[in-house]
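K.L.:
So that you have it, the file is my_file-v1.cif, and it contains mmCIF, C-alpha atoms and all ligand atoms:
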```cif
data_start
#
loop_
_atom_site.label_atom_id
_atom_site.label_comp_id
_atom_site.auth_asym_id
_atom_site.auth_seq_id
_atom_site.Cartn_x
_atom_site.Cartn_y
_atom_site.Cartn_z
CA MET A 19 -8.24 42.04 32.99
CA VAL A 20 -11.87 43.06 33.54
CA ALA A 21 -12.86 46.24 31.73
CA VAL A 22 -14.50 48.54 34.27
CA VAL A 23 -17.00 51.19 33.14
CA LEU A 24 -18.34 53.82 35.52
CA ASP A 25 -20.41 56.57 33.96
CA PRO A 26 -22.19 58.82 36.45
CA TYR A 27 -23.80 60.74 33.57
CA ASP A 28 -25.43 57.70 31.94
CA HIS A 29 -29.12 57.48 32.82
CA ARG A 30 -29.08 53.67 32.59
CA PHE A 31 -26.26 53.63 35.15
CA HIS A 32 -28.49 55.44 37.66
CA TRP A 33 -31.01 52.58 37.69
CA ASP A 34 -28.50 50.12 39.10
CA PRO A 35 -24.94 51.41 39.48
CA TYR A 36 -24.02 48.84 42.13
CA PRO A 37 -22.65 46.04 39.88
CA PHE A 38 -20.46 48.63 38.14
CA TYR A 39 -19.16 49.95 41.43
CA ARG A 40 -18.46 46.43 42.61
CA ALA A 41 -16.41 45.74 39.48
CA ALA A 42 -14.52 48.98 40.07
CA ARG A 43 -13.77 48.10 43.71
CA GLU A 44 -12.46 44.71 42.62
CA HIS A 45 -10.54 45.64 39.48
CA ASP A 46 -9.96 49.41 39.22
CA PRO A 47 -10.80 51.07 42.55
CA VAL A 48 -9.14 54.40 41.74
CA TYR A 49 -10.99 54.96 38.50
CA TYR A 50 -10.24 57.74 36.01
CA TYR A 51 -13.38 58.96 34.27
CA ALA A 52 -11.80 60.31 31.10
CA PRO A 53 -14.88 62.01 29.53
CA GLY A 54 -15.30 64.24 32.61
CA GLY A 55 -11.59 64.44 33.46
CA PHE A 56 -11.89 63.36 37.11
CA TRP A 57 -11.06 60.48 39.45
CA LEU A 58 -13.58 58.30 41.27
CA LEU A 59 -12.62 56.63 44.57
CA THR A 60 -14.80 53.58 45.22
CA LYS A 61 -13.31 51.75 48.26
CA TRP A 62 -14.46 52.55 51.81
CA ASP A 63 -10.87 53.02 53.06
CA ASP A 64 -9.94 55.44 50.29
CA VAL A 65 -13.13 57.49 50.56
CA ASN A 66 -12.76 57.62 54.34
CA ARG A 67 -9.11 58.69 54.05
CA ALA A 68 -10.08 61.48 51.65
CA PHE A 69 -12.80 62.70 54.06
CA ARG A 70 -10.31 62.68 56.95
CA ASP A 71 -7.34 64.17 55.09
CA HIS A 72 -9.03 67.46 54.32
CA LYS A 73 -5.71 69.22 53.74
CA THR A 74 -4.94 66.98 50.75
CA PHE A 75 -8.50 66.48 49.49
CA ILE A 76 -9.86 70.00 49.68
CA ASN A 77 -13.31 71.48 49.07
CA THR A 78 -12.24 74.88 47.77
CA GLY A 79 -13.02 74.91 44.06
CA ALA A 80 -14.90 71.61 44.41
CA LEU A 81 -18.48 72.79 44.19
CA ALA A 82 -19.49 70.16 41.62
CA LEU A 83 -17.87 67.50 39.43
CA GLU A 84 -18.31 69.61 36.29
CA LYS A 85 -15.09 71.42 35.39
CA ASP A 86 -16.75 74.80 34.76
CA ALA A 87 -18.97 74.76 37.88
CA ASN A 88 -16.94 77.31 39.84
CA GLU A 89 -17.12 79.92 37.06
CA LYS A 90 -20.78 79.35 36.22
CA LEU A 91 -22.08 79.13 39.80
CA PRO A 92 -20.45 82.17 41.37
CA TYR A 93 -21.81 82.50 44.94
CA PRO A 94 -19.62 81.10 47.74
CA LEU A 95 -21.25 78.03 49.39
CA PHE A 96 -19.48 77.05 52.59
CA ILE A 97 -19.51 73.37 51.57
CA ALA A 98 -17.05 74.43 48.87
CA SER A 99 -14.58 76.03 51.29
CA ASP A 100 -11.94 74.83 53.74
CA PRO A 101 -10.94 75.75 57.27
CA PRO A 102 -10.70 78.45 58.56
CA GLU A 103 -13.40 80.00 56.26
CA HIS A 104 -15.44 76.84 56.49
CA THR A 105 -15.18 76.62 60.29
CA ARG A 106 -16.24 80.26 60.69
CA GLN A 107 -19.40 79.80 58.61
CA ARG A 108 -20.35 76.35 59.87
CA ALA A 109 -20.18 77.64 63.44
CA VAL A 110 -22.98 80.11 62.67
CA LEU A 111 -25.39 77.35 61.59
CA ALA A 112 -24.33 74.30 63.59
CA PRO A 113 -26.00 75.11 66.95
CA LEU A 114 -29.41 75.30 65.23
CA MET A 115 -28.98 71.91 63.53
CA MET A 116 -28.33 69.81 66.65
CA PRO A 117 -30.95 67.18 67.57
CA GLY A 118 -31.97 69.12 70.69
CA ALA A 119 -32.58 72.33 68.74
CA LEU A 120 -34.56 70.45 66.07
CA ALA A 121 -36.81 68.51 68.45
CA LYS A 122 -39.38 71.31 68.50
CA LEU A 123 -39.97 70.71 64.77
CA GLU A 124 -41.28 67.18 65.25
CA GLY A 125 -44.88 68.29 65.80
CA TYR A 126 -44.85 70.36 62.62
CA ILE A 127 -43.26 67.53 60.60
CA ARG A 128 -45.92 65.08 61.78
CA GLN A 129 -48.81 67.43 61.15
CA ARG A 130 -47.51 68.29 57.67
CA THR A 131 -46.95 64.60 56.84
CA ARG A 132 -50.55 63.82 57.83
CA GLU A 133 -51.84 66.75 55.75
CA LEU A 134 -49.94 65.48 52.73
CA LEU A 135 -51.10 61.87 53.15
CA GLN A 136 -54.73 62.67 53.96
CA PRO A 137 -56.17 63.53 50.51
CA HIS A 138 -54.82 60.26 49.06
CA LEU A 139 -56.10 57.88 51.73
CA PRO A 140 -59.69 57.52 50.45
CA HIS A 141 -58.43 56.68 46.93
CA GLY A 142 -55.93 53.97 47.89
CA ARG A 143 -53.23 55.51 45.70
CA ILE A 144 -50.26 57.76 46.39
CA ASP A 145 -46.98 58.69 44.78
CA PHE A 146 -44.55 58.65 47.71
CA VAL A 147 -42.27 61.20 46.07
CA ALA A 148 -44.52 63.39 43.90
CA ASP A 149 -47.33 63.61 46.51
CA LEU A 150 -45.37 63.55 49.75
CA ALA A 151 -41.57 63.48 49.85
CA CYS A 152 -40.99 66.28 47.39
CA PHE A 153 -42.99 68.65 49.61
CA LEU A 154 -42.12 67.78 53.19
CA PRO A 155 -38.35 68.49 53.32
CA MET A 156 -38.87 71.69 51.31
CA ASP A 157 -41.54 72.80 53.79
CA VAL A 158 -39.28 72.07 56.74
CA ILE A 159 -36.18 73.81 55.39
CA SER A 160 -38.44 76.70 54.33
CA VAL A 161 -39.56 77.12 57.93
CA LEU A 162 -35.88 77.33 58.93
CA ILE A 163 -34.92 79.90 56.30
CA GLY A 164 -38.18 81.85 56.19
CA VAL A 165 -39.44 80.95 52.70
CA PRO A 166 -43.21 81.57 52.71
CA ALA A 167 -45.54 78.78 51.55
CA PRO A 168 -46.55 80.41 48.22
CA ASP A 169 -42.87 80.63 47.14
CA ARG A 170 -41.87 77.04 47.93
CA ASP A 171 -42.89 75.40 44.65
CA ALA A 172 -40.81 77.92 42.73
CA VAL A 173 -37.76 77.42 44.97
CA ARG A 174 -38.06 73.63 44.64
CA GLY A 175 -38.47 73.96 40.87
CA TRP A 176 -35.27 75.98 40.58
CA ALA A 177 -33.38 73.48 42.75
CA ASP A 178 -34.68 70.63 40.56
CA ALA A 179 -33.63 72.52 37.41
CA LEU A 180 -30.15 73.04 38.85
CA ILE A 181 -29.55 69.35 39.46
CA ALA A 182 -31.32 67.80 36.42
CA ARG A 183 -29.00 66.27 33.81
CA GLU A 184 -29.85 65.03 30.32
CA ASP A 185 -28.58 61.57 29.40
CA GLY A 186 -24.82 61.86 28.85
CA GLN A 187 -24.72 65.57 29.78
CA ILE A 188 -21.26 66.09 31.26
CA ASP A 189 -21.11 69.90 31.40
CA LEU A 190 -23.54 72.27 33.05
CA ALA A 191 -26.42 73.21 30.74
CA GLU A 192 -28.22 76.52 30.45
CA ARG A 193 -31.19 75.32 32.48
CA ASN A 194 -28.90 74.22 35.36
CA VAL A 195 -27.29 77.67 35.50
CA ALA A 196 -30.69 79.37 35.10
CA GLY A 197 -32.04 77.38 38.09
CA TYR A 198 -29.07 78.46 40.17
CA MET A 199 -29.33 82.13 39.14
CA SER A 200 -33.07 82.15 39.93
CA LEU A 201 -32.31 80.83 43.41
CA ALA A 202 -29.62 83.52 43.79
CA GLN A 203 -31.96 86.29 42.65
CA TYR A 204 -34.70 85.05 44.99
CA PHE A 205 -32.39 84.92 48.01
CA GLU A 206 -30.89 88.34 47.19
CA GLU A 207 -34.40 89.78 47.52
CA HIS A 208 -35.24 87.53 50.47
CA THR A 209 -32.24 88.72 52.51
CA ALA A 210 -33.02 92.35 51.68
CA ARG A 211 -36.59 91.85 52.99
CA HIS A 212 -35.43 90.30 56.27
CA ALA A 213 -32.17 92.15 56.98
CA HIS A 214 -33.81 94.62 59.38
CA ALA A 215 -35.67 92.09 61.53
CA PRO A 216 -33.72 88.82 61.70
CA GLY A 217 -35.63 86.00 63.42
CA GLU A 218 -34.41 83.08 65.54
CA ASP A 219 -34.04 80.69 62.60
CA LEU A 220 -31.11 79.81 60.29
CA LEU A 221 -31.75 82.88 58.16
CA GLY A 222 -31.73 85.10 61.25
CA ALA A 223 -28.49 83.51 62.50
CA MET A 224 -26.79 84.28 59.21
CA LEU A 225 -28.13 87.83 58.99
CA ARG A 226 -26.89 88.52 62.51
CA ALA A 227 -23.51 87.02 61.60
CA GLN A 228 -23.41 89.32 58.59
CA ALA A 229 -24.24 92.35 60.72
CA GLY A 230 -21.46 91.34 63.13
CA GLY A 231 -18.93 90.79 60.32
CA ALA A 232 -18.75 86.98 60.62
CA MET A 233 -20.35 86.34 57.21
CA SER A 234 -20.39 88.40 54.03
CA HIS A 235 -23.56 89.17 52.09
CA THR A 236 -22.63 86.84 49.21
CA GLU A 237 -21.88 84.07 51.72
CA VAL A 238 -25.36 84.47 53.23
CA VAL A 239 -26.99 84.24 49.79
CA GLY A 240 -24.73 81.31 48.80
CA ASN A 241 -25.52 79.43 51.98
CA LEU A 242 -29.26 79.95 51.50
CA ILE A 243 -28.88 78.40 48.03
CA LEU A 244 -26.97 75.51 49.64
CA LEU A 245 -29.61 74.95 52.31
CA ALA A 246 -32.47 75.11 49.80
CA ILE A 247 -30.80 72.37 47.75
CA ALA A 248 -29.23 70.22 50.49
CA GLY A 249 -32.23 70.49 52.79
CA ASN A 250 -34.58 69.33 50.10
CA GLU A 251 -33.21 67.06 47.36
CA THR A 252 -31.43 64.38 49.40
CA THR A 253 -34.11 63.83 52.05
CA THR A 254 -36.81 63.67 49.37
CA LYS A 255 -34.81 60.97 47.62
CA LEU A 256 -34.04 59.06 50.82
CA ILE A 257 -37.76 58.76 51.61
CA GLY A 258 -38.44 57.42 48.10
CA ASN A 259 -35.53 54.97 48.29
CA MET A 260 -36.68 53.69 51.68
CA ALA A 261 -40.31 53.22 50.58
CA TYR A 262 -39.01 51.20 47.65
CA ARG A 263 -36.57 49.05 49.63
CA LEU A 264 -39.13 48.26 52.35
CA TRP A 265 -41.60 47.17 49.68
CA GLN A 266 -38.91 44.87 48.26
CA HIS A 267 -38.38 43.39 51.74
CA PRO A 268 -41.88 42.74 53.15
CA GLN A 269 -40.67 40.74 56.14
CA GLN A 270 -38.53 43.64 57.32
CA ARG A 271 -41.38 46.06 56.70
CA ALA A 272 -43.60 43.85 58.88
CA TRP A 273 -41.05 44.09 61.72
CA LEU A 274 -41.27 47.86 61.52
CA CYS A 275 -45.07 47.80 61.59
CA ASP A 276 -44.94 45.62 64.70
CA ASP A 277 -42.27 47.75 66.34
CA PRO A 278 -41.94 51.31 64.96
CA GLY A 279 -39.00 51.74 67.35
CA LEU A 280 -36.98 49.89 64.70
CA ILE A 281 -37.53 52.61 62.08
CA PRO A 282 -34.23 54.40 62.87
CA ARG A 283 -32.39 51.14 62.08
CA ALA A 284 -34.19 50.90 58.75
CA ILE A 285 -33.18 54.49 58.01
CA GLU A 286 -29.50 53.71 58.67
CA GLU A 287 -29.67 50.59 56.51
CA THR A 288 -31.34 52.49 53.66
CA LEU A 289 -28.63 55.14 53.93
CA ARG A 290 -25.99 52.41 53.67
CA PHE A 291 -27.66 50.22 51.07
CA ASP A 292 -29.16 52.89 48.81
CA GLY A 293 -28.20 56.35 50.03
CA SER A 294 -29.38 59.47 48.28
CA SER A 295 -25.98 61.14 48.06
CA GLN A 296 -23.90 59.30 45.47
CA ILE A 297 -20.66 61.21 44.86
CA LEU A 298 -19.00 64.04 46.84
CA VAL A 299 -16.42 66.28 45.21
CA ARG A 300 -12.85 67.22 46.20
CA ARG A 301 -9.79 68.81 44.63
CA VAL A 302 -6.26 67.57 45.18
CA ALA A 303 -4.18 70.20 47.05
CA HIS A 304 -0.83 68.55 46.29
CA ASP A 305 0.32 65.44 44.39
CA VAL A 306 -0.72 62.27 46.17
CA THR A 307 -0.66 58.53 45.42
CA VAL A 308 -3.74 56.36 46.02
CA ARG A 309 -3.35 52.60 45.45
CA GLY A 310 -0.46 53.27 43.10
CA LYS A 311 -2.28 55.89 41.02
CA GLN A 312 -0.75 59.35 40.89
CA LEU A 313 -3.25 62.15 41.50
CA ARG A 314 -1.92 65.59 40.62
CA GLN A 315 -2.41 68.93 42.30
CA GLY A 316 -5.66 70.49 41.05
CA ASP A 317 -7.23 67.19 39.95
CA ARG A 318 -10.94 66.73 40.67
CA VAL A 319 -11.91 63.66 42.67
CA GLY A 320 -15.34 62.10 43.24
CA LEU A 321 -15.82 60.21 46.51
CA CYS A 322 -18.34 57.48 45.69
CA VAL A 323 -20.03 56.97 49.04
CA ILE A 324 -22.70 54.61 47.73
CA SER A 325 -19.91 52.35 46.51
CA ALA A 326 -17.91 52.63 49.74
CA ASN A 327 -21.04 51.69 51.68
CA ARG A 328 -21.17 48.33 49.91
CA ASP A 329 -17.48 47.51 50.25
CA ALA A 330 -17.08 43.85 51.28
CA ASP A 331 -13.84 44.75 53.08
CA LYS A 332 -15.91 46.88 55.45
CA PHE A 333 -19.37 45.29 55.63
CA GLU A 334 -20.46 41.67 55.89
CA ARG A 335 -23.00 40.64 53.24
CA PRO A 336 -22.82 44.18 51.77
CA GLU A 337 -25.30 43.47 48.97
CA GLU A 338 -28.03 42.45 51.44
CA PHE A 339 -30.54 44.92 52.83
CA ASP A 340 -30.80 44.03 56.50
CA ILE A 341 -32.25 46.46 59.01
CA ARG A 342 -30.95 44.34 61.91
CA ARG A 343 -27.40 45.36 61.02
CA GLY A 344 -27.50 48.46 63.25
CA SER A 345 -24.30 49.83 61.71
CA ARG A 346 -23.60 53.54 61.53
CA ASP A 347 -20.26 53.04 59.77
CA HIS A 348 -21.75 54.09 56.46
CA MET A 349 -20.66 57.44 55.05
CA ALA A 350 -24.01 58.42 53.54
CA PHE A 351 -23.77 61.73 55.43
CA GLY A 352 -20.07 62.14 54.66
CA TYR A 353 -17.45 62.19 57.40
CA GLY A 354 -15.09 64.65 59.05
CA VAL A 355 -15.21 68.44 58.90
CA HIS A 356 -17.84 68.52 56.15
CA ALA A 357 -20.08 65.79 57.60
CA CYS A 358 -23.69 66.60 56.82
CA LEU A 359 -25.00 69.50 58.83
CA GLY A 360 -28.57 68.33 58.28
CA ALA A 361 -28.14 64.67 59.26
CA ALA A 362 -30.22 64.98 62.44
CA LEU A 363 -32.95 66.80 60.54
CA ALA A 364 -32.98 64.23 57.73
CA ARG A 365 -33.21 61.39 60.26
CA LEU A 366 -36.04 63.14 62.13
CA GLU A 367 -38.07 63.82 58.97
CA THR A 368 -37.62 60.30 57.62
CA ARG A 369 -38.53 58.69 60.95
CA VAL A 370 -41.75 60.68 61.30
CA VAL A 371 -42.74 60.07 57.67
CA PHE A 372 -42.35 56.29 58.05
CA GLU A 373 -44.11 56.22 61.41
CA GLU A 374 -47.09 57.73 59.59
CA ILE A 375 -46.84 55.67 56.38
CA LEU A 376 -46.51 52.36 58.22
CA ARG A 377 -49.35 53.21 60.59
CA GLN A 378 -51.77 54.44 57.93
CA LEU A 379 -50.93 52.33 54.85
CA PRO A 380 -48.72 49.49 56.07
CA GLN A 381 -49.47 47.15 53.15
CA TYR A 382 -48.67 49.57 50.32
CA CYS A 383 -47.65 48.03 47.04
CA ILE A 384 -45.36 49.88 44.64
CA GLU A 385 -46.17 49.98 40.92
CA GLU A 386 -42.75 49.30 39.50
CA SER A 387 -43.71 50.36 35.99
CA GLY A 388 -44.39 53.88 37.31
CA LEU A 389 -40.99 54.39 38.96
CA ARG A 390 -39.08 57.36 37.52
CA ARG A 391 -35.60 58.53 38.44
CA ALA A 392 -33.97 61.90 38.98
CA HIS A 393 -30.77 62.03 36.96
CA ASN A 394 -27.77 63.63 38.56
CA PRO A 395 -24.27 62.38 39.37
CA ASN A 396 -24.48 63.48 43.01
CA VAL A 397 -28.08 62.97 44.11
CA ARG A 398 -29.60 59.51 43.80
CA GLY A 399 -33.29 58.68 43.92
CA PHE A 400 -36.72 58.70 42.34
CA THR A 401 -39.01 61.47 41.14
CA HIS A 402 -41.99 59.06 41.13
CA VAL A 403 -42.76 56.13 43.42
CA PRO A 404 -46.44 55.32 42.80
CA ALA A 405 -48.13 52.94 45.21
CA THR A 406 -51.55 51.45 45.86
CA PHE A 407 -53.00 50.33 49.18
CA GLU A 408 -56.29 49.30 50.68
CA ALA A 409 -58.26 52.47 51.35
CA PRO A 410 -59.51 52.68 54.94
CA ARG A 411 -63.30 52.12 55.16
C1 LIG B 1 -30.86 62.06 53.53
C2 LIG B 1 -30.57 63.32 53.50
C3 LIG B 1 -29.19 63.86 53.35
C4 LIG B 1 -28.05 63.27 52.87
C5 LIG B 1 -27.88 61.86 52.33
C6 LIG B 1 -27.00 64.26 52.96
C7 LIG B 1 -25.68 64.04 52.60
C8 LIG B 1 -24.65 64.92 52.82
C9 LIG B 1 -23.26 64.63 52.61
C10 LIG B 1 -22.73 63.31 52.11
C11 LIG B 1 -22.55 65.74 52.93
C12 LIG B 1 -21.02 65.89 52.89
C13 LIG B 1 -20.58 66.74 51.74
C14 LIG B 1 -19.08 66.71 51.53
O1 LIG B 1 -18.34 66.06 52.28
O2 LIG B 1 -18.63 67.36 50.57
C15 LIG B 1 -23.50 66.75 53.34
C16 LIG B 1 -23.17 68.01 53.72
C17 LIG B 1 -24.11 68.98 54.01
N1 LIG B 1 -25.46 68.80 54.18
FE1 LIG B 1 -26.47 67.08 53.94
N2 LIG B 1 -27.52 65.42 53.47
C18 LIG B 1 -28.85 65.21 53.73
C19 LIG B 1 -29.73 66.11 54.29
C20 LIG B 1 -29.44 67.40 54.59
C21 LIG B 1 -30.37 68.34 55.12
C22 LIG B 1 -31.83 68.07 55.49
C23 LIG B 1 -29.72 69.52 55.21
C24 LIG B 1 -30.30 70.82 55.68
C25 LIG B 1 -30.23 71.52 56.52
C26 LIG B 1 -28.34 69.31 54.78
C27 LIG B 1 -27.35 70.26 54.76
C28 LIG B 1 -26.02 70.00 54.50
C29 LIG B 1 -24.99 71.02 54.53
C30 LIG B 1 -25.19 72.50 54.83
C31 LIG B 1 -23.78 70.38 54.23
C32 LIG B 1 -22.39 71.01 54.16
C33 LIG B 1 -21.66 70.75 55.44
C34 LIG B 1 -20.23 71.27 55.42
O3 LIG B 1 -19.64 71.49 54.36
O4 LIG B 1 -19.69 71.48 56.52
N3 LIG B 1 -28.22 68.01 54.41
N4 LIG B 1 -24.77 66.22 53.28
#
```
Any chance you could give the structure as C-alpha cells?
Ligand code: HEM
P.N.:
Amino acid sequence: MVAVVLDPYDHRFHWDPYPFYRAAREHDPVYYYAPGGFWLLTKWDDVNRAFRDHKTFINTGALALEKDANEKLPYPLFIASDPPEHTRQRAVLAPLMMPGALAKLEGYIRQRTRELLQPHLPHGRIDFVADLACFLPMDVISVLIGVPAPDRDAVRGWADALIAREDGQIDLAERNVAGYMSLAQYFEEHTARHAHAPGEDLLGAMLRAQAGGAMSHTEVVGNLILLAIAGNETTTKLIGNMAYRLWQHPQQRAWLCDDPGLIPRAIEETLRFDGSSQILVRRVAHDVTVRGKQLRQGDRVGLCVISANRDADKFERPEEFDIRRGSRDHMAFGYGVHACLGAALARLETRVVFEEILRQLPQYCIEESGLRRAHNPNVRGFTHVPATFEAPR
C-alpha cells in the first residue's frame, strides 16, 4: 500500500504537486484531507461528474475550502450559490462576457501590454508577473467594473491579501479577512458613487439589475468582490505559468514565434498542463458514494482540476507539455453551470500578451533562482518570473 500525502496548504507542495496528485490518482483517488476536514477528488471522471451533478455537489456554502469561510466572508458571491439564484445572477453578467462582446477590448489590451513592456525593453530585463501580468488583468477587469486607475493597486493588494496563505495555514487568518473586508468597503462606496448613472459595463448591468429587482445590493457588492478576484488572480498566474513552460520547451516556443496563430493552442495546453486554478470547492447535498468512499451530507469537497487534467485515463502522455495536442477537454475553466464566466476574456488577454512577448523578446531566458510562488490552495502560479533578453539596439 502506497502512502499518499496531499497537502494543499504546504508551500513545498505548491512547487510541484503533480507527483503527489499522480500517486493519489493511482492509490487513493478520493482522498480525505484530515487536517482540513475535506475530501479531494483527483480523477478526471470524478471531478467531471461532480461538475455535472450540481444537485449533489452544490456551491451554496462552498465559498472556500476553509470551514469558517462562510461566516467570515459574509457577502453573497454568485459562484457560491446554486440554481435558481445562481442562474438569475449569472444571466445579468453573461451577455457582456461573450467573445463577441469582448472583442472591442482587444485594442486596449494590446496597447496596455505594450505600455507595460516598453520601459523594460532597453534594459533587457523584465519580471513577467511583477512588471506585466499582475497589472494587465487588473486593468482590464477594472475597465469592466469602473475602478479608476489610481485605485487599482489598492484593489489588487486587497485581493492578494485575501488569497495569501502562510505555510501550513489551514484556517483563514486576520489578513485574509481584512483584505476581503477592504474590498467590501471599497465596493460599498463604489456602488453608491455609480448608482445614479450606471454605464454600459458589468457594473452598470448589475446596478440596473438591482434597480429592477433582479439583484440585491449585497449581491452586487459580493459579485464585484468576485470579479475583482477572479478577473485578476488566475489570469495573472496563467501568464506567468505559460512564460515559464514555453521557456522550458524552446522548440515549441520557436513554433509560436514562427506562427503566432498557434498561440491559442499553447494557451490550452498550459491550462491543461499547469492551470492557474487548482481546486474548486463543493458541498455534498445528500450522502453519496464515490469509488466506494462514503461522502456525507454537508461534507466539503475539493475538485482538483490540475490533477484531473493530467489523468492518464483521459489524456495520452499526460505529463508531457505538447502544444500540438489541441485538446479542450481540460477542466481548467471548470465545467457545467459554473464554468468560468471569464474564460473568453482570459484567453483573449493571454493571447495578446504572448503575441507581444514573442514578437518583442522571443528569446527571453528565465532566471530560475528568482522564481517566487503565490501560496494558496485554489490559485496556482508565480508572483515573480524574472527574465533576461537581448535588448533591441
Ligand atoms: C486563466 C484564467 C482563469 C481561470 C483558470 C479561471 C478558472 C475558473 C474556474 C475553474 C471556475 C469554476 C468555478 C467552480 O466551478 O466553482 C471559474 C468561475 C468563474 N470565473 Fe474564472 N477563471 C479565469 C479567469 C477569469 C476571469 C478573467 C474572470 C472575469 C471576469 C473570471 C470570472 C469567473 C466567474 C465570475 C466565475 C463564476 C462562474 C459561476 O459560478 O457561474 N474568471 N473560473
K.L.:
Distance atom CA of A:Gly142-atom CA of A:Glu386, one decimal place?
P.N.:
16.3 Å
K.L.:
List every residue of chain A that has an atom at most 7 Å from any atom of ligand LIG 1 (chain B), and for each one report the closest atom pair and its distance in Å to one decimal, counting all atoms listed in the file, with rows sorted by chain and then by increasing residue number, as a Markdown table.
P.N.:
```
| residue | atom | partner | partner_atom | distance |
| --- | --- | --- | --- | --- |
| A:Phe69 | CA | B:LIG1 | O1 | 6.7 |
| A:Asn77 | CA | B:LIG1 | O2 | 6.9 |
| A:Phe96 | CA | B:LIG1 | O3 | 5.8 |
| A:Ile97 | CA | B:LIG1 | O3 | 3.4 |
| A:Ala98 | CA | B:LIG1 | O3 | 6.7 |
| A:His104 | CA | B:LIG1 | O4 | 6.8 |
| A:Arg108 | CA | B:LIG1 | O4 | 5.9 |
| A:Pro155 | CA | B:LIG1 | C22 | 6.9 |
| A:Ile159 | CA | B:LIG1 | C25 | 6.5 |
| A:Leu244 | CA | B:LIG1 | C30 | 6.3 |
| A:Leu245 | CA | B:LIG1 | C24 | 5.4 |
| A:Ala248 | CA | B:LIG1 | C26 | 4.5 |
| A:Gly249 | CA | B:LIG1 | C24 | 3.5 |
| A:Asn250 | CA | B:LIG1 | C22 | 6.2 |
| A:Thr252 | CA | B:LIG1 | C2 | 4.3 |
| A:Thr253 | CA | B:LIG1 | C2 | 3.9 |
| A:Leu256 | CA | B:LIG1 | C1 | 5.1 |
| A:Leu289 | CA | B:LIG1 | C5 | 6.9 |
| A:Gly293 | CA | B:LIG1 | C5 | 6.0 |
| A:Ser294 | CA | B:LIG1 | C5 | 4.9 |
| A:Ser295 | CA | B:LIG1 | C5 | 4.7 |
| A:Leu298 | CA | B:LIG1 | O2 | 5.0 |
| A:Val299 | CA | B:LIG1 | O2 | 5.9 |
| A:Met349 | CA | B:LIG1 | C10 | 6.9 |
| A:Ala350 | CA | B:LIG1 | C10 | 5.3 |
| A:Phe351 | CA | B:LIG1 | C10 | 3.8 |
| A:Gly352 | CA | B:LIG1 | C10 | 3.9 |
| A:Tyr353 | CA | B:LIG1 | O1 | 6.5 |
| A:Val355 | CA | B:LIG1 | O4 | 5.9 |
| A:His356 | CA | B:LIG1 | O4 | 3.5 |
| A:Ala357 | CA | B:LIG1 | C12 | 4.8 |
| A:Cys358 | CA | B:LIG1 | C16 | 3.4 |
| A:Leu359 | CA | B:LIG1 | C28 | 4.5 |
| A:Gly360 | CA | B:LIG1 | C23 | 3.5 |
| A:Ala361 | CA | B:LIG1 | C19 | 5.4 |
| A:Leu363 | CA | B:LIG1 | C22 | 5.3 |
| A:Ala364 | CA | B:LIG1 | C22 | 4.6 |
```
K.L.:
Do you know which residues are at most 7 Å from A:Arg328 counting only C-alpha atoms, after dropping those on the same chain fewer than 4 positions away, and could you put them as a ChimeraX atom specification?
P.N.:
/A:291,324,333,336-337
K.L.:
Using Å and a single decimal, report how far atom CA of A:Val173 sits from atom CA of A:Lys122.
P.N.:
24.4 Å
K.L.:
Can you measure atom CA of A:Gly79 to atom CA of A:Val302 for me? One decimal in Å is fine.
P.N.:
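Between these atoms lies a distance of 10.0 Å.
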K.L.:
Taking only C-alpha atoms into account, which of A:Ser200, A:Ser160, A:Asn66, A:Gln187 comes nearest A:His393?
P.N.:
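Among A:Ser200, A:Ser160, A:Asn66, A:Gln187, it is A:Gln187 that comes nearest to A:His393.
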K.L.:
Can I get the residues of stretch 383-402 of chain A within 12 Å of stretch 267-288 of chain A, each with the closest pair of atoms and their distance in Å to one decimal, using only C-alpha atoms, sorted chain first then ascending number, as a Markdown table?
P.N.:
```
| residue | atom | partner | partner_atom | distance |
| --- | --- | --- | --- | --- |
| A:Cys383 | CA | A:Pro268 | CA | 9.9 |
| A:Ile384 | CA | A:Pro268 | CA | 11.6 |
| A:Gly399 | CA | A:Thr288 | CA | 11.7 |
```
K.L.:
For A:Pro37, which residue among A:Ser325, A:Gly197, A:His348, A:Gln266 is the nearest when counting only C-alpha atoms?
P.N.:
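Closest to A:Pro37 of all the choices is A:Ser325.
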K.L.:
Tell me which of A:Thr401, A:Thr368, A:Thr307, A:Ser345 sits closest to A:Asp64, counting only C-alpha atoms.
P.N.:
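Under the stated criterion, the closest residue is A:Thr307.
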K.L.:
Which residues are close to A:Asp171, i.e. within 10 Å by all atoms listed in the file, leaving aside same-chain residues fewer than 2 positions away? Reply as a PDB file with C-alpha atoms, keeping the file's coordinate frame.
P.N.:
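Just written: result06.pdb:
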```pdb
ATOM      1  CA  CYS A 152     -40.990  66.280  47.390  1.00  0.00           C
ATOM      2  CA  PHE A 153     -42.990  68.650  49.610  1.00  0.00           C
ATOM      3  CA  MET A 156     -38.870  71.690  51.310  1.00  0.00           C
ATOM      4  CA  ASP A 157     -41.540  72.800  53.790  1.00  0.00           C
ATOM      5  CA  ALA A 167     -45.540  78.780  51.550  1.00  0.00           C
ATOM      6  CA  PRO A 168     -46.550  80.410  48.220  1.00  0.00           C
ATOM      7  CA  ASP A 169     -42.870  80.630  47.140  1.00  0.00           C
ATOM      8  CA  VAL A 173     -37.760  77.420  44.970  1.00  0.00           C
ATOM      9  CA  ARG A 174     -38.060  73.630  44.640  1.00  0.00           C
ATOM     10  CA  GLY A 175     -38.470  73.960  40.870  1.00  0.00           C
ATOM     11  CA  TRP A 176     -35.270  75.980  40.580  1.00  0.00           C
ATOM     12  CA  ALA A 177     -33.380  73.480  42.750  1.00  0.00           C
TER      13      ALA A 177
END
```
K.L.:
Find the spatial neighbours of A:Gln129, counting all atoms listed in the file, within a cut-off of 12 Å - ignore same-chain residues fewer than 5 positions away - and output them as a PyMOL selection string.
P.N.:
chain A and resi 123-124+134-136+154+157-158+367+370-371+374
K.L.:
Nearest to A:Gln315 among A:Gly230, A:Val110, A:Lys73, A:Arg130, with distances taken over only C-alpha atoms: which residue is it?
P.N.:
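Smallest separation from A:Gln315 among the options: A:Lys73.
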K.L.:
With distances taken over all atoms listed in the file, which residue among A:Leu162, A:Ala21, A:Ala362, A:Ile144 lies nearest A:Tyr382?
P.N.:
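Ranking A:Leu162, A:Ala21, A:Ala362, A:Ile144 by distance to A:Tyr382, first place goes to A:Ile144.
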